[in-house]
$ cat data-v7.cif   # mmCIF, C-alpha atoms
data_query
#
loop_
_atom_site.label_atom_id
_atom_site.label_comp_id
_atom_site.auth_asym_id
_atom_site.auth_seq_id
_atom_site.Cartn_x
_atom_site.Cartn_y
_atom_site.Cartn_z
CA GLY A 1 173.59 -71.44 -183.70
CA LEU A 2 171.74 -70.39 -186.85
CA THR A 3 174.79 -70.31 -189.13
CA HIS A 4 176.31 -73.56 -187.78
CA PRO A 5 173.38 -75.67 -186.51
CA ARG A 6 175.38 -78.93 -186.38
CA GLN A 7 178.08 -77.37 -184.18
CA PHE A 8 175.41 -75.75 -182.03
CA LEU A 9 173.55 -79.04 -181.44
CA TYR A 10 176.78 -80.89 -180.76
CA THR A 11 178.00 -78.39 -178.19
CA LYS A 12 174.63 -78.02 -176.43
CA ILE A 13 173.31 -81.58 -176.54
CA PHE A 14 175.89 -84.22 -177.33
CA ALA A 15 179.12 -82.87 -175.87
CA LYS A 16 179.86 -82.80 -172.15
CA TRP A 17 179.30 -79.07 -172.23
CA ALA A 18 180.52 -78.21 -168.73
CA ARG A 19 183.71 -80.24 -169.04
CA ALA A 20 184.62 -79.04 -172.51
CA SER A 21 183.84 -75.32 -172.16
CA THR A 22 185.94 -72.31 -171.40
CA ILE A 23 183.88 -69.27 -170.48
CA LEU A 24 185.43 -65.92 -171.30
CA LEU A 25 184.13 -62.94 -169.35
CA ILE A 26 184.83 -59.38 -170.33
CA MET A 27 184.87 -56.83 -167.53
CA GLN A 28 184.40 -53.24 -168.59
CA THR A 29 184.55 -49.96 -166.69
CA ALA A 30 181.76 -48.30 -168.64
CA ASP A 31 178.74 -47.67 -166.43
CA SER A 32 175.44 -48.80 -167.86
CA THR A 33 171.94 -49.29 -166.57
CA MET A 34 169.74 -52.33 -166.97
CA ARG A 35 166.35 -52.31 -165.32
CA VAL A 36 165.05 -55.51 -163.80
CA ARG A 37 161.39 -55.77 -162.91
CA LEU A 38 158.71 -58.33 -162.20
CA GLY A 39 156.93 -59.13 -165.44
CA ARG A 40 156.17 -61.74 -168.10
CA SER A 41 158.11 -62.74 -171.18
CA ALA A 42 158.81 -65.74 -173.39
CA PHE A 43 161.84 -66.47 -171.18
CA THR A 44 159.66 -66.73 -168.06
CA GLY A 45 157.15 -68.98 -169.86
CA PHE A 46 154.76 -66.00 -169.71
CA ARG A 47 154.58 -66.48 -165.94
CA LYS A 48 155.62 -63.70 -163.57
CA GLY A 49 159.37 -63.54 -163.26
CA LEU A 50 162.29 -61.14 -163.53
CA VAL A 51 162.59 -59.48 -166.92
CA SER A 52 165.22 -56.96 -167.96
CA ARG A 53 165.24 -54.03 -170.32
CA LEU A 54 167.64 -51.30 -171.32
CA SER A 55 166.96 -47.62 -171.73
CA PRO A 56 166.34 -46.70 -175.40
CA GLY A 57 169.59 -46.43 -177.36
CA GLN A 58 171.72 -48.00 -174.63
CA LYS A 59 173.86 -51.14 -174.93
CA ILE A 60 175.72 -52.84 -172.12
CA SER A 61 177.58 -55.34 -174.25
CA PRO A 62 181.23 -54.59 -174.95
CA PRO A 63 182.15 -53.65 -178.52
CA PHE A 64 181.68 -56.55 -180.96
CA GLU A 65 185.31 -56.57 -182.09
CA ILE A 66 186.47 -57.02 -178.50
CA SER A 67 184.07 -59.70 -177.30
CA HIS A 68 183.51 -61.73 -180.47
CA GLY A 69 186.97 -61.08 -181.87
CA LEU A 70 188.64 -62.34 -178.70
CA THR A 71 186.32 -65.35 -178.51
CA ARG A 72 186.97 -66.32 -182.14
CA ARG A 73 190.75 -65.99 -181.78
CA TYR A 74 190.68 -68.11 -178.62
CA ALA A 75 188.52 -70.77 -180.32
CA GLN A 76 190.95 -70.93 -183.27
CA LYS A 77 193.94 -71.44 -180.97
CA THR A 78 192.16 -74.15 -178.93
CA ASN A 79 190.33 -75.83 -181.82
CA GLY A 80 187.05 -74.84 -180.19
CA VAL A 81 183.65 -73.54 -181.23
CA PRO A 82 183.02 -69.87 -180.39
CA GLN A 83 179.57 -69.11 -178.97
CA ASP A 84 177.71 -66.33 -177.23
CA SER A 85 174.78 -66.55 -174.84
CA ILE A 86 171.64 -67.37 -176.81
CA PRO A 87 169.52 -64.40 -175.61
CA GLU A 88 172.32 -61.93 -176.35
CA ALA A 89 173.21 -63.38 -179.75
CA LEU A 90 169.69 -63.86 -181.10
CA LEU A 91 167.57 -61.26 -179.33
CA ASP A 92 170.09 -58.61 -178.24
CA ILE A 93 169.10 -59.22 -174.61
CA PRO A 94 172.13 -58.45 -172.45
CA THR A 95 173.55 -60.80 -169.89
CA THR A 96 175.59 -59.87 -166.88
CA ALA A 97 177.32 -61.85 -164.19
CA HIS A 98 177.12 -59.08 -161.61
CA LEU A 99 174.04 -56.97 -161.00
CA LEU A 100 175.19 -53.94 -159.05
CA GLY A 101 173.49 -50.95 -157.47
CA GLY A 102 169.90 -50.16 -156.66
CA CYS A 103 170.25 -49.74 -152.87
CA PRO A 104 172.66 -46.82 -152.38
CA MET A 105 174.22 -45.77 -149.09
CA GLY A 106 173.06 -42.47 -147.61
CA ARG A 107 172.86 -40.58 -144.32
CA THR A 108 169.05 -40.77 -144.26
CA ALA A 109 166.24 -42.64 -145.96
CA GLU A 110 165.88 -39.65 -148.29
CA ASP A 111 169.52 -40.00 -149.38
CA GLY A 112 169.79 -43.78 -149.68
CA VAL A 113 168.46 -47.18 -148.70
CA VAL A 114 171.20 -48.18 -146.23
CA ASP A 115 173.52 -46.34 -143.88
CA ARG A 116 177.32 -46.69 -143.80
CA ASP A 117 176.96 -49.91 -141.78
CA CYS A 118 174.65 -51.47 -144.41
CA ARG A 119 171.58 -51.14 -142.13
CA VAL A 120 168.33 -50.40 -143.95
CA HIS A 121 167.00 -47.01 -142.81
CA ASN A 122 163.91 -47.26 -140.57
CA TYR A 123 164.06 -51.08 -140.38
CA PRO A 124 166.06 -52.03 -137.25
CA GLY A 125 167.91 -55.29 -137.66
CA MET A 126 167.65 -55.39 -141.45
CA TYR A 127 170.90 -55.27 -143.42
CA ILE A 128 171.69 -55.39 -147.14
CA VAL A 129 175.05 -57.00 -147.82
CA ASP A 130 175.17 -57.78 -151.54
CA GLY A 131 176.13 -56.07 -154.78
CA SER A 132 173.08 -53.81 -154.69
CA ILE A 133 174.88 -51.45 -152.28
CA MET A 134 177.84 -51.00 -154.66
CA PRO A 135 177.67 -47.43 -155.96
CA ALA A 136 179.31 -48.03 -159.36
CA ASN A 137 180.91 -50.57 -161.65
CA PRO A 138 184.47 -51.18 -160.36
CA GLY A 139 185.62 -52.57 -163.73
CA ILE A 140 186.87 -55.76 -162.06
CA ASN A 141 185.12 -58.72 -160.48
CA PRO A 142 183.28 -57.15 -157.51
CA SER A 143 183.15 -60.29 -155.35
CA LEU A 144 185.99 -59.24 -153.00
CA THR A 145 184.52 -55.77 -152.54
CA ILE A 146 181.11 -57.27 -151.79
CA THR A 147 182.76 -59.67 -149.31
CA ALA A 148 184.55 -56.77 -147.59
CA LEU A 149 181.28 -54.81 -147.33
CA ALA A 150 179.56 -57.90 -145.89
CA GLU A 151 182.33 -58.38 -143.32
CA HIS A 152 182.07 -54.70 -142.38
CA ALA A 153 178.29 -55.02 -141.93
CA MET A 154 178.64 -58.19 -139.84
CA SER A 155 181.17 -56.46 -137.57
CA ARG A 156 178.51 -53.83 -136.81
CA ILE A 157 175.81 -56.26 -135.66
CA PRO A 158 175.53 -56.02 -131.86
CA PRO A 159 176.29 -59.20 -129.91
CA ASP A 160 173.44 -61.27 -128.49
CA ASP A 161 173.17 -60.64 -124.75
CA GLY A 162 171.47 -64.02 -124.06
CA SER A 163 168.21 -62.47 -122.77
CA GLY A 164 166.10 -63.84 -125.61
CA VAL A 165 164.98 -60.29 -126.49
CA PRO A 166 166.28 -59.19 -129.89
CA VAL A 167 169.14 -56.76 -129.36
CA PHE A 168 167.62 -54.43 -131.95
CA ALA A 169 164.54 -54.00 -129.76
CA GLN A 170 166.73 -52.93 -126.82
CA VAL A 171 168.76 -50.10 -128.36
CA ASP A 172 168.17 -47.30 -130.82
CA GLU A 173 171.71 -47.49 -132.23
CA PRO A 174 173.84 -50.63 -132.44
CA VAL A 175 176.58 -50.74 -129.83
CA TYR A 176 179.95 -50.62 -131.55
CA SER A 177 183.22 -51.79 -130.16
CA GLY A 178 185.86 -49.12 -130.43
CA HIS A 179 185.46 -45.56 -131.68
CA HIS A 180 182.20 -44.60 -133.36
CA HIS A 181 180.07 -41.57 -134.09
CA SER A 182 176.56 -41.27 -132.69
CA THR A 183 175.02 -39.82 -135.86
CA ALA A 184 176.02 -39.57 -139.48
CA ASP A 185 176.12 -35.75 -139.10
CA ASP A 186 179.01 -36.10 -136.61
CA VAL A 187 181.19 -37.81 -139.20
CA SER A 188 183.80 -35.61 -140.83
CA ASP A 189 184.32 -35.83 -144.58
CA GLY A 190 187.67 -37.54 -144.00
CA ASP A 191 186.06 -40.28 -141.89
CA ARG A 192 183.24 -40.76 -144.37
CA GLN A 193 185.65 -41.27 -147.24
CA GLN A 194 187.43 -44.00 -145.31
CA VAL A 195 184.23 -45.83 -144.33
CA VAL A 196 182.00 -45.51 -147.38
#

$ encode --input "data-v7.cif" --output "structure tokens"
Amino acid sequence: GLTHPRQFLYTKIFAKWARASTILLIMQTADSTMRVRLGRSAFTGFRKGLVSRLSPGQKISPPFEISHGLTRRYAQKTNGVPQDSIPEALLDIPTTAHLLGGCPMGRTAEDGVVDRDCRVHNYPGMYIVDGSIMPANPGINPSLTITALAEHAMSRIPPDDGSGVPVFAQVDEPVYSGHHHSTADDVSDGDRQQVV
């Protein structure tokens, strides 16, 4: 934007940006941590909103020669204009398409936020079924894994018995169809590896 202001204005204002853009995403297997918290910044208009920050000395962006090199080569072959996200290019603020982690699985509330069926410990009827329960970066688009975890969680929700009383108020443990273990301690390591 700063080195080619005319191209920048054309691509952002005058061109049909969505129709004429190709977005290149780089998936990496390197684990990194970005903290997201409620706060104020220029990007939130100094109102409360989500702001991110990295630990000192950490970067989540892929190496420059991979991301920018690939983008520039692609733009040359397609007669395009290479660009990066504005916050990342100008302010070194990372962007990510997939926020993962933060609500790990565990046997108890001391070990994690959810159990192996994605139920929040000590909150009957509350499930977490998004990328926050993913334990690590898979290095590929996580959408199918998140979908599989969500389908697993939905299969564990007890059926409505038609009484009008929430099923979660009637039982201590959800009623599973098929084989199940009554407590996490009854699960052998082999079973746990297959489920979690």

$ residues_around --input "data-v7.cif" --residues "A:Phe43" --least-positions-apart "3" --cutoff "12 Å" --atoms "all atoms listed in the file" --output "PyMOL selection string"
chain A and resi 39-40+46-52+86-87+91+93

$ resolve_selection --input "data-v7.cif" --expression "the PyMOL selection byres ((chain A and resi 18-35) around 8)" --output "short mmCIF file (atom, residue, chain, number, x, y, z; two decimals) with C-alpha atoms, keeping the file's coordinate frame"
data_model
loop_
_atom_site.label_atom_id
_atom_site.label_comp_id
_atom_site.auth_asym_id
_atom_site.auth_seq_id
_atom_site.Cartn_x
_atom_site.Cartn_y
_atom_site.Cartn_z
CA ALA A 15 179.12 -82.87 -175.87
CA LYS A 16 179.86 -82.80 -172.15
CA TRP A 17 179.30 -79.07 -172.23
CA VAL A 36 165.05 -55.51 -163.80
CA ARG A 37 161.39 -55.77 -162.91
CA SER A 52 165.22 -56.96 -167.96
CA ARG A 53 165.24 -54.03 -170.32
CA LEU A 54 167.64 -51.30 -171.32
CA SER A 55 166.96 -47.62 -171.73
CA GLN A 58 171.72 -48.00 -174.63
CA LYS A 59 173.86 -51.14 -174.93
CA ILE A 60 175.72 -52.84 -172.12
CA PRO A 62 181.23 -54.59 -174.95
CA SER A 67 184.07 -59.70 -177.30
CA THR A 71 186.32 -65.35 -178.51
CA ALA A 136 179.31 -48.03 -159.36
CA ASN A 137 180.91 -50.57 -161.65
CA PRO A 138 184.47 -51.18 -160.36
CA GLY A 139 185.62 -52.57 -163.73
CA ILE A 140 186.87 -55.76 -162.06
CA ASN A 141 185.12 -58.72 -160.48
#

$ resolve_selection --input "data-v7.cif" --expression "the PyMOL selection byres ((chain A and resi 149) around 10)" --output "ChimeraX atom specification"
/A:116-118,128-131,133-134,143-148,150-155,195-196

$ atom_distance --input "data-v7.cif" --atom1 "atom CA of A:Pro56" --atom2 "atom CA of A:Met105"
27.5 Å

$ residues_around --input "data-v7.cif" --residues "A:Gly106" --least-positions-apart "6" --cutoff "9 Å" --atoms "all atoms listed in the file" --output "list in words"
Gly112, Val113, Val114, Asp115, Arg116 and His121 of chain A

$ atom_distance --input "data-v7.cif" --atom1 "atom CA of A:Ser132" --atom2 "atom CA of A:Gly102"
5.2 Å

$ atom_distance --input "data-v7.cif" --atom1 "atom CA of A:Arg72" --atom2 "atom CA of A:His98"
23.9 Å

$ residues_near_point --input "data-v7.cif" --point "(176.0, -66.5, -171.1)" --cutoff "7 Å" --atoms "all atoms listed in the file" --output "PyMOL selection string"
chain A and resi 84-85+95

$ closest_residue --input "data-v7.cif" --among "A:Gly69, A:Phe64, A:Thr44, A:Asp160" --to "A:Ala89" --atoms "all atoms listed in the file"
A:Phe64
